$ cat coords15.pdb   # PDB, C-alpha atoms, pLDDT in the B column
ATOM      1  CA  MET X  30     111.583  72.421  89.436  1.00 93.00           C
ATOM      2  CA  ILE X  31     109.669  75.681  89.953  1.00 96.00           C
ATOM      3  CA  ARG X  32     109.933  77.954  86.929  1.00 96.00           C
ATOM      4  CA  LEU X  33     110.017  81.648  87.882  1.00 97.00           C
ATOM      5  CA  PHE X  34     109.393  84.831  85.933  1.00 96.00           C
ATOM      6  CA  ILE X  35     110.560  88.129  87.464  1.00 95.00           C
ATOM      7  CA  ALA X  36     108.752  91.384  86.664  1.00 94.00           C
ATOM      8  CA  ASP X  37     110.374  94.419  88.277  1.00 92.00           C
ATOM      9  CA  ASP X  38     111.732  97.630  86.771  1.00 90.00           C
ATOM     10  CA  HIS X  39     114.513  98.195  89.325  1.00 90.00           C
ATOM     11  CA  ALA X  40     117.674  96.623  87.927  1.00 91.00           C
ATOM     12  CA  ILE X  41     119.617  96.458  91.209  1.00 92.00           C
ATOM     13  CA  PHE X  42     116.738  94.823  93.064  1.00 91.00           C
ATOM     14  CA  ARG X  43     116.138  92.406  90.178  1.00 92.00           C
ATOM     15  CA  GLU X  44     119.794  91.342  90.022  1.00 93.00           C
ATOM     16  CA  GLY X  45     119.910  90.790  93.772  1.00 93.00           C
ATOM     17  CA  LEU X  46     116.716  88.778  93.601  1.00 93.00           C
ATOM     18  CA  LYS X  47     118.121  86.568  90.856  1.00 94.00           C
ATOM     19  CA  GLN X  48     121.215  85.824  92.929  1.00 93.00           C
ATOM     20  CA  ILE X  49     119.096  84.752  95.888  1.00 94.00           C
ATOM     21  CA  LEU X  50     116.785  82.587  93.810  1.00 95.00           C
ATOM     22  CA  ALA X  51     119.608  80.997  91.801  1.00 92.00           C
ATOM     23  CA  GLU X  52     120.936  79.445  95.034  1.00 93.00           C
ATOM     24  CA  GLN X  53     117.802  77.298  95.313  1.00 95.00           C
ATOM     25  CA  ALA X  54     118.187  73.950  93.543  1.00 94.00           C
ATOM     26  CA  ASP X  55     114.450  73.717  92.801  1.00 95.00           C
ATOM     27  CA  PHE X  56     114.150  77.198  91.223  1.00 97.00           C
ATOM     28  CA  GLU X  57     114.699  78.079  87.592  1.00 95.00           C
ATOM     29  CA  ILE X  58     114.415  81.666  86.308  1.00 95.00           C
ATOM     30  CA  VAL X  59     112.882  81.503  82.851  1.00 95.00           C
ATOM     31  CA  GLY X  60     112.259  85.166  82.075  1.00 93.00           C
ATOM     32  CA  GLU X  61     112.303  88.807  83.098  1.00 93.00           C
ATOM     33  CA  ALA X  62     110.323  91.941  82.306  1.00 93.00           C
ATOM     34  CA  THR X  63     110.774  95.573  83.283  1.00 92.00           C
ATOM     35  CA  THR X  64     107.344  96.860  82.242  1.00 90.00           C
ATOM     36  CA  GLY X  65     103.788  95.629  82.551  1.00 87.00           C
ATOM     37  CA  ASN X  66     103.425  95.516  78.782  1.00 89.00           C
ATOM     38  CA  GLY X  67     106.614  93.493  78.475  1.00 90.00           C
ATOM     39  CA  LEU X  68     105.391  91.037  81.084  1.00 91.00           C
ATOM     40  CA  VAL X  69     102.126  90.375  79.260  1.00 89.00           C
ATOM     41  CA  GLU X  70     103.948  89.898  75.956  1.00 89.00           C
ATOM     42  CA  ARG X  71     106.604  87.567  77.388  1.00 90.00           C
ATOM     43  CA  LEU X  72     104.141  85.427  79.332  1.00 89.00           C
ATOM     44  CA  ALA X  73     102.399  84.575  76.078  1.00 85.00           C
ATOM     45  CA  THR X  74     105.386  82.379  75.171  1.00 86.00           C
ATOM     46  CA  ALA X  75     107.343  81.861  78.401  1.00 84.00           C
ATOM     47  CA  ALA X  76     106.095  78.826  80.317  1.00 88.00           C
ATOM     48  CA  CYS X  77     106.409  79.451  84.056  1.00 93.00           C
ATOM     49  CA  ASP X  78     104.859  78.389  87.348  1.00 95.00           C
ATOM     50  CA  VAL X  79     105.197  81.558  89.442  1.00 96.00           C
ATOM     51  CA  VAL X  80     105.401  85.226  88.463  1.00 96.00           C
ATOM     52  CA  LEU X  81     107.143  87.547  90.919  1.00 96.00           C
ATOM     53  CA  LEU X  82     105.363  90.805  90.194  1.00 94.00           C
ATOM     54  CA  ASP X  83     106.156  94.330  91.355  1.00 91.00           C
ATOM     55  CA  LEU X  84     102.969  96.380  91.652  1.00 85.00           C
ATOM     56  CA  SER X  85     104.591  99.613  90.458  1.00 82.00           C
ATOM     57  CA  MET X  86     106.046  99.395  86.969  1.00 82.00           C
ATOM     58  CA  PRO X  87     105.874 101.554  83.844  1.00 81.00           C
ATOM     59  CA  GLY X  88     102.888 100.960  81.574  1.00 77.00           C
ATOM     60  CA  ARG X  89     100.400  98.404  82.807  1.00 75.00           C
ATOM     61  CA  SER X  90     100.792  98.027  86.531  1.00 73.00           C
ATOM     62  CA  GLY X  91      99.113  97.594  89.869  1.00 78.00           C
ATOM     63  CA  VAL X  92      96.018  95.574  90.579  1.00 83.00           C
ATOM     64  CA  ALA X  93      94.863  95.786  86.956  1.00 83.00           C
ATOM     65  CA  LEU X  94      98.033  93.991  85.839  1.00 88.00           C
ATOM     66  CA  VAL X  95      97.616  91.339  88.552  1.00 90.00           C
ATOM     67  CA  ARG X  96      94.068  90.754  87.359  1.00 89.00           C
ATOM     68  CA  GLU X  97      95.154  90.456  83.707  1.00 89.00           C
ATOM     69  CA  VAL X  98      97.947  87.987  84.436  1.00 90.00           C
ATOM     70  CA  ALA X  99      95.747  85.957  86.776  1.00 90.00           C
ATOM     71  CA  ALA X 100      92.982  85.782  84.181  1.00 88.00           C
ATOM     72  CA  ALA X 101      95.381  84.150  81.724  1.00 84.00           C
ATOM     73  CA  GLY X 102      95.657  81.256  84.176  1.00 83.00           C
ATOM     74  CA  THR X 103      99.159  80.250  83.079  1.00 84.00           C
ATOM     75  CA  ALA X 104     101.000  80.986  86.345  1.00 91.00           C
ATOM     76  CA  ARG X 105     100.441  81.823  89.989  1.00 94.00           C
ATOM     77  CA  ILE X 106     101.342  85.344  91.106  1.00 95.00           C
ATOM     78  CA  VAL X 107     103.435  86.441  94.063  1.00 95.00           C
ATOM     79  CA  VAL X 108     103.287  90.199  94.459  1.00 93.00           C
ATOM     80  CA  LEU X 109     106.531  91.871  95.528  1.00 90.00           C
ATOM     81  CA  SER X 110     105.772  95.309  96.902  1.00 85.00           C
ATOM     82  CA  MET X 111     107.163  98.061  99.088  1.00 81.00           C
ATOM     83  CA  HIS X 112     103.616  98.696 100.320  1.00 77.00           C
ATOM     84  CA  GLU X 113     102.225  97.112 103.474  1.00 71.00           C
ATOM     85  CA  GLU X 114      98.941  99.034 103.566  1.00 67.00           C
ATOM     86  CA  ARG X 115      95.928  96.791 103.663  1.00 69.00           C
ATOM     87  CA  GLN X 116      94.292  98.162 100.511  1.00 71.00           C
ATOM     88  CA  TYR X 117      97.274  96.953  98.476  1.00 78.00           C
ATOM     89  CA  VAL X 118      97.278  93.502 100.059  1.00 81.00           C
ATOM     90  CA  ILE X 119      93.520  93.019  99.869  1.00 78.00           C
ATOM     91  CA  GLU X 120      93.137  94.338  96.329  1.00 80.00           C
ATOM     92  CA  ALA X 121      96.035  92.244  95.051  1.00 85.00           C
ATOM     93  CA  LEU X 122      94.609  89.063  96.562  1.00 85.00           C
ATOM     94  CA  LYS X 123      91.135  89.867  95.264  1.00 83.00           C
ATOM     95  CA  ALA X 124      92.605  90.404  91.796  1.00 86.00           C
ATOM     96  CA  GLY X 125      94.047  86.906  91.794  1.00 90.00           C
ATOM     97  CA  ALA X 126      97.473  87.034  93.466  1.00 91.00           C
ATOM     98  CA  ALA X 127      98.365  83.850  95.320  1.00 91.00           C
ATOM     99  CA  GLY X 128     100.987  85.514  97.509  1.00 91.00           C
ATOM    100  CA  TYR X 129     101.985  88.940  98.792  1.00 92.00           C
ATOM    101  CA  VAL X 130     105.494  89.681 100.046  1.00 90.00           C
ATOM    102  CA  THR X 131     106.861  93.070 101.044  1.00 86.00           C
ATOM    103  CA  LYS X 132     110.306  93.990  99.784  1.00 84.00           C
ATOM    104  CA  ALA X 133     111.340  94.411 103.428  1.00 80.00           C
ATOM    105  CA  SER X 134     110.810  90.685 104.025  1.00 82.00           C
ATOM    106  CA  ALA X 135     113.704  88.326 104.647  1.00 85.00           C
ATOM    107  CA  SER X 136     114.820  86.232 101.683  1.00 90.00           C
ATOM    108  CA  ASP X 137     113.794  82.996 103.372  1.00 90.00           C
ATOM    109  CA  GLN X 138     110.234  84.312 103.666  1.00 89.00           C
ATOM    110  CA  LEU X 139     110.148  84.986  99.937  1.00 92.00           C
ATOM    111  CA  ILE X 140     111.548  81.538  99.152  1.00 94.00           C
ATOM    112  CA  GLU X 141     108.984  79.878 101.402  1.00 92.00           C
ATOM    113  CA  THR X 142     106.181  81.921  99.831  1.00 92.00           C
ATOM    114  CA  ILE X 143     107.246  80.880  96.328  1.00 95.00           C
ATOM    115  CA  ARG X 144     107.270  77.205  97.233  1.00 95.00           C
ATOM    116  CA  LYS X 145     103.907  77.373  98.988  1.00 93.00           C
ATOM    117  CA  THR X 146     102.175  79.287  96.193  1.00 93.00           C
ATOM    118  CA  ALA X 147     103.627  76.907  93.598  1.00 94.00           C
ATOM    119  CA  ALA X 148     102.055  74.107  95.635  1.00 93.00           C
ATOM    120  CA  GLY X 149      98.652  75.783  95.488  1.00 91.00           C
ATOM    121  CA  GLU X 150      98.568  77.720  98.762  1.00 89.00           C
ATOM    122  CA  ARG X 151      97.830  81.417  99.300  1.00 87.00           C
ATOM    123  CA  VAL X 152     100.425  83.196 101.421  1.00 86.00           C
ATOM    124  CA  VAL X 153     100.945  86.671 102.873  1.00 85.00           C
ATOM    125  CA  SER X 154     104.354  87.457 104.353  1.00 76.00           C
ATOM    126  CA  PRO X 155     104.501  88.101 108.107  1.00 71.00           C
ATOM    127  CA  SER X 156     105.344  91.785 107.665  1.00 64.00           C
ATOM    128  CA  ALA X 157     102.348  92.326 105.384  1.00 65.00           C
ATOM    129  CA  SER X 158      99.994  90.269 107.543  1.00 63.00           C
ATOM    130  CA  GLN X 159     100.984  92.118 110.707  1.00 57.00           C
ATOM    131  CA  ALA X 160     100.451  95.453 108.979  1.00 57.00           C
ATOM    132  CA  LEU X 161      97.101  94.211 107.701  1.00 59.00           C
ATOM    133  CA  ILE X 162      95.969  93.208 111.177  1.00 50.00           C
ATOM    134  CA  ARG X 163      97.243  96.454 112.707  1.00 54.00           C
ATOM    135  CA  GLN X 164      95.448  98.628 110.192  1.00 55.00           C
ATOM    136  CA  MET X 165      92.221  96.648 110.491  1.00 52.00           C
ATOM    137  CA  LEU X 166      92.186  97.475 114.205  1.00 46.00           C
ATOM    138  CA  GLU X 167      92.801 101.177 113.560  1.00 53.00           C
ATOM    139  CA  PRO X 168      90.271 103.675 112.173  1.00 56.00           C
ATOM    140  CA  ASP X 169      90.513 104.252 108.437  1.00 68.00           C
ATOM    141  CA  LEU X 170      92.705 107.183 107.463  1.00 77.00           C
ATOM    142  CA  PRO X 171      91.954 109.288 104.378  1.00 87.00           C
ATOM    143  CA  HIS X 172      94.726 107.751 102.266  1.00 88.00           C
ATOM    144  CA  THR X 173      93.154 104.288 102.587  1.00 80.00           C
ATOM    145  CA  ALA X 174      90.360 105.546 100.324  1.00 83.00           C
ATOM    146  CA  LEU X 175      92.782 106.107  97.438  1.00 88.00           C
ATOM    147  CA  THR X 176      92.537 103.717  94.524  1.00 87.00           C
ATOM    148  CA  PRO X 177      95.731 101.791  93.644  1.00 83.00           C
ATOM    149  CA  ARG X 178      96.430 104.178  90.758  1.00 89.00           C
ATOM    150  CA  GLU X 179      95.798 107.220  92.958  1.00 92.00           C
ATOM    151  CA  ARG X 180      98.183 105.768  95.517  1.00 90.00           C
ATOM    152  CA  GLN X 181     100.836 105.402  92.822  1.00 89.00           C
ATOM    153  CA  ILE X 182     100.398 109.076  91.963  1.00 93.00           C
ATOM    154  CA  PHE X 183     100.411 110.064  95.639  1.00 94.00           C
ATOM    155  CA  ASP X 184     103.647 108.171  96.340  1.00 90.00           C
ATOM    156  CA  ARG X 185     105.397 109.765  93.390  1.00 92.00           C
ATOM    157  CA  LEU X 186     104.186 113.281  94.196  1.00 95.00           C
ATOM    158  CA  VAL X 187     105.392 112.871  97.760  1.00 92.00           C
ATOM    159  CA  GLY X 188     108.680 111.577  96.359  1.00 89.00           C
ATOM    160  CA  GLY X 189     109.187 114.858  94.531  1.00 92.00           C
ATOM    161  CA  ARG X 190     108.242 113.879  90.996  1.00 92.00           C
ATOM    162  CA  SER X 191     106.440 116.335  88.743  1.00 95.00           C
ATOM    163  CA  VAL X 192     103.195 115.560  86.925  1.00 95.00           C
ATOM    164  CA  SER X 193     105.038 115.288  83.617  1.00 95.00           C
ATOM    165  CA  ALA X 194     107.657 112.941  85.110  1.00 93.00           C
ATOM    166  CA  ILE X 195     104.940 110.731  86.579  1.00 94.00           C
ATOM    167  CA  ALA X 196     103.163 110.646  83.225  1.00 93.00           C
ATOM    168  CA  ARG X 197     106.334 109.418  81.520  1.00 92.00           C
ATOM    169  CA  GLU X 198     107.089 106.867  84.230  1.00 88.00           C
ATOM    170  CA  LEU X 199     103.594 105.335  84.234  1.00 90.00           C
ATOM    171  CA  ASP X 200     103.022 105.742  80.497  1.00 89.00           C
ATOM    172  CA  LEU X 201      99.984 107.979  81.065  1.00 91.00           C
ATOM    173  CA  SER X 202      98.940 111.312  79.624  1.00 94.00           C
ATOM    174  CA  ILE X 203      99.666 114.466  81.611  1.00 95.00           C
ATOM    175  CA  LYS X 204      95.933 115.147  81.682  1.00 95.00           C
ATOM    176  CA  THR X 205      95.231 111.738  83.248  1.00 95.00           C
ATOM    177  CA  VAL X 206      97.891 112.228  85.911  1.00 95.00           C
ATOM    178  CA  SER X 207      96.577 115.726  86.647  1.00 96.00           C
ATOM    179  CA  THR X 208      93.066 114.299  87.108  1.00 96.00           C
ATOM    180  CA  HIS X 209      94.371 111.659  89.516  1.00 96.00           C
ATOM    181  CA  LYS X 210      96.323 114.335  91.386  1.00 96.00           C
ATOM    182  CA  SER X 211      93.170 116.420  91.781  1.00 96.00           C
ATOM    183  CA  ASN X 212      91.323 113.387  93.157  1.00 95.00           C
ATOM    184  CA  VAL X 213      94.138 112.689  95.615  1.00 96.00           C
ATOM    185  CA  LEU X 214      94.141 116.287  96.841  1.00 96.00           C
ATOM    186  CA  LEU X 215      90.375 116.164  97.291  1.00 94.00           C
ATOM    187  CA  LYS X 216      90.348 112.859  99.186  1.00 93.00           C
ATOM    188  CA  LEU X 217      93.148 113.963 101.494  1.00 94.00           C
ATOM    189  CA  ASP X 218      91.677 117.451 101.971  1.00 91.00           C
ATOM    190  CA  ALA X 219      94.930 118.944 100.711  1.00 93.00           C
ATOM    191  CA  GLY X 220      95.479 122.097  98.717  1.00 93.00           C
ATOM    192  CA  THR X 221      98.999 121.575  97.417  1.00 94.00           C
ATOM    193  CA  THR X 222     101.662 118.920  96.918  1.00 95.00           C
ATOM    194  CA  ALA X 223     103.397 120.311 100.006  1.00 94.00           C
ATOM    195  CA  ASP X 224     100.281 119.407 101.997  1.00 94.00           C
ATOM    196  CA  LEU X 225     100.544 115.843 100.677  1.00 94.00           C
ATOM    197  CA  VAL X 226     104.173 115.668 101.790  1.00 93.00           C
ATOM    198  CA  ARG X 227     103.252 116.855 105.283  1.00 92.00           C
ATOM    199  CA  TYR X 228     100.422 114.299 105.402  1.00 91.00           C
ATOM    200  CA  ALA X 229     102.780 111.492 104.348  1.00 87.00           C
ATOM    201  CA  ILE X 230     105.466 112.410 106.865  1.00 85.00           C
ATOM    202  CA  ALA X 231     102.956 112.683 109.722  1.00 81.00           C
ATOM    203  CA  ARG X 232     101.687 109.157 109.031  1.00 76.00           C
ATOM    204  CA  GLY X 233     104.968 107.465 108.263  1.00 70.00           C
ATOM    205  CA  LEU X 234     104.247 107.130 104.541  1.00 77.00           C
ATOM    206  CA  ALA X 235     107.335 108.990 103.390  1.00 66.00           C
TER
END

$ encode --input "coords15.pdb" --output "structure tokens"
Amino acid sequence: MIRLFIADDHAIFREGLKQILAEQADFEIVGEATTGNGLVERLATAACDVVLLDLSMPGRSGVALVREVAAAGTARIVVLSMHEERQYVIEALKAGAAGYVTKASASDQLIETIRKTAAGERVVSPSASQALIRQMLEPDLPHTALTPRERQIFDRLVGGRSVSAIARELDLSIKTVSTHKSNVLLKLDAGTTADLVRYAIARGLA
């Protein structure tokens, strides 16, 4: 039996995921968390084999959270992410993730990844691996220089969120978010949020 812990802040996605996993006779869901802080607290007492971890959650999140969970050494990590860009895949694996699956992947790919990582393998879903190969053959674009946290800010700005809304969502101060926003604008040679939106649309990031 493979004991699973799900960490994702989107209730609809989480419920759908549980339905899919519950159909597997060798899977048992032993816990859930909707924030990075909640995940760390629950893992201290919840014995599990594999953590299904969304990179973007309130509070602790991203590569830093992967690194913290991996350092505890109590479970292997499969990252579930909407991002295919190579910096996400590479950084997550470097931080200690055993698997990386995009949320666009078929359910059977996720199931196979869980079983393989539980058995000690490292797995990247086909959609993520193809994107990784494609981007490695292309010249680096400015957004690939963003740190994982800067990319979180970028995605939310492009999605129409305000600095204050982003601060609440990621449990950061407005000043910290504003600093990250300034760094994003600088790296992407943009003057305004509207410029970021145009950049994202032109490169298929929005």

$ residues_around --input "coords15.pdb" --residues "Lys47 (chain X)" --least-positions-apart "5" --cutoff "12 Å" --atoms "all atoms listed in the file" --output "list in words"
Leu33, Phe34, Ile35, Ala36, Asp37, Ala40, Ile41, Phe42, Glu52, Gln53, Phe56, Glu57, Ile58, Val59, Gly60, Glu61, Leu81, Ser136 and Ile140 of chain X

$ closest_residue --input "coords15.pdb" --among "X:Thr131, X:Thr221, X:Glu120, X:Ala194" --to "Leu175 (chain X)" --atoms "only C-alpha atoms"
X:Glu120

$ resolve_selection --input "coords15.pdb" --expression "the PyMOL selection byres ((chain X and resi 177-192) around 9)" --output "PDB file with C-alpha atoms, in the coordinates of the input"
ATOM      1  CA  SER X  85     104.591  99.613  90.458  1.00 82.00           C
ATOM      2  CA  SER X  90     100.792  98.027  86.531  1.00 73.00           C
ATOM      3  CA  GLY X  91      99.113  97.594  89.869  1.00 78.00           C
ATOM      4  CA  VAL X  92      96.018  95.574  90.579  1.00 83.00           C
ATOM      5  CA  GLN X 116      94.292  98.162 100.511  1.00 71.00           C
ATOM      6  CA  TYR X 117      97.274  96.953  98.476  1.00 78.00           C
ATOM      7  CA  GLU X 120      93.137  94.338  96.329  1.00 80.00           C
ATOM      8  CA  HIS X 172      94.726 107.751 102.266  1.00 88.00           C
ATOM      9  CA  THR X 173      93.154 104.288 102.587  1.00 80.00           C
ATOM     10  CA  LEU X 175      92.782 106.107  97.438  1.00 88.00           C
ATOM     11  CA  THR X 176      92.537 103.717  94.524  1.00 87.00           C
ATOM     12  CA  SER X 193     105.038 115.288  83.617  1.00 95.00           C
ATOM     13  CA  ALA X 194     107.657 112.941  85.110  1.00 93.00           C
ATOM     14  CA  ILE X 195     104.940 110.731  86.579  1.00 94.00           C
ATOM     15  CA  ALA X 196     103.163 110.646  83.225  1.00 93.00           C
ATOM     16  CA  ARG X 197     106.334 109.418  81.520  1.00 92.00           C
ATOM     17  CA  ILE X 203      99.666 114.466  81.611  1.00 95.00           C
ATOM     18  CA  LYS X 204      95.933 115.147  81.682  1.00 95.00           C
ATOM     19  CA  VAL X 206      97.891 112.228  85.911  1.00 95.00           C
ATOM     20  CA  SER X 207      96.577 115.726  86.647  1.00 96.00           C
ATOM     21  CA  HIS X 209      94.371 111.659  89.516  1.00 96.00           C
ATOM     22  CA  LYS X 210      96.323 114.335  91.386  1.00 96.00           C
ATOM     23  CA  ASN X 212      91.323 113.387  93.157  1.00 95.00           C
ATOM     24  CA  VAL X 213      94.138 112.689  95.615  1.00 96.00           C
ATOM     25  CA  LEU X 214      94.141 116.287  96.841  1.00 96.00           C
ATOM     26  CA  THR X 222     101.662 118.920  96.918  1.00 95.00           C
ATOM     27  CA  ALA X 223     103.397 120.311 100.006  1.00 94.00           C
ATOM     28  CA  LEU X 225     100.544 115.843 100.677  1.00 94.00           C
ATOM     29  CA  VAL X 226     104.173 115.668 101.790  1.00 93.00           C
ATOM     30  CA  ARG X 227     103.252 116.855 105.283  1.00 92.00           C
ATOM     31  CA  ALA X 229     102.780 111.492 104.348  1.00 87.00           C
ATOM     32  CA  LEU X 234     104.247 107.130 104.541  1.00 77.00           C
ATOM     33  CA  ALA X 235     107.335 108.990 103.390  1.00 66.00           C
TER      34      ALA X 235
END

$ closest_residue --input "coords15.pdb" --among "X:Met111, X:Leu139, X:Val79, X:Leu72" --to "Ala127 (chain X)" --atoms "only C-alpha atoms"
X:Val79

$ closest_residue --input "coords15.pdb" --among "X:Ile49, X:Glu97, X:Leu82, X:Cys77" --to "Ala62 (chain X)" --atoms "only C-alpha atoms"
X:Leu82

$ residues_around --input "coords15.pdb" --residues "Gly149 (chain X)" --least-positions-apart "3" --cutoff "9 Å" --atoms "all atoms listed in the file" --output "ChimeraX atom specification"
/X:105,127,144-146

$ closest_residue --input "coords15.pdb" --among "X:Gln48, X:Arg71, X:Gly88, X:Ala174" --to "Ser202 (chain X)" --atoms "only C-alpha atoms"
X:Gly88

$ residues_near_point --input "coords15.pdb" --point "(107.9, 95.1, 105.5)" --cutoff "9 Å" --atoms "all atoms listed in the file" --output "ChimeraX atom specification"
/X:110-113,130-135,154-157,160

$ atom_distance --input "coords15.pdb" --atom1 "CA of Leu201 (chain X)" --atom2 "CA of Leu46 (chain X)"
28.4 Å

$ atom_distance --input "coords15.pdb" --atom1 "CA of Met86 (chain X)" --atom2 "CA of Asp200 (chain X)"
9.6 Å

$ atom_distance --input "coords15.pdb" --atom1 "CA of Val80 (chain X)" --atom2 "CA of Thr205 (chain X)"
28.9 Å
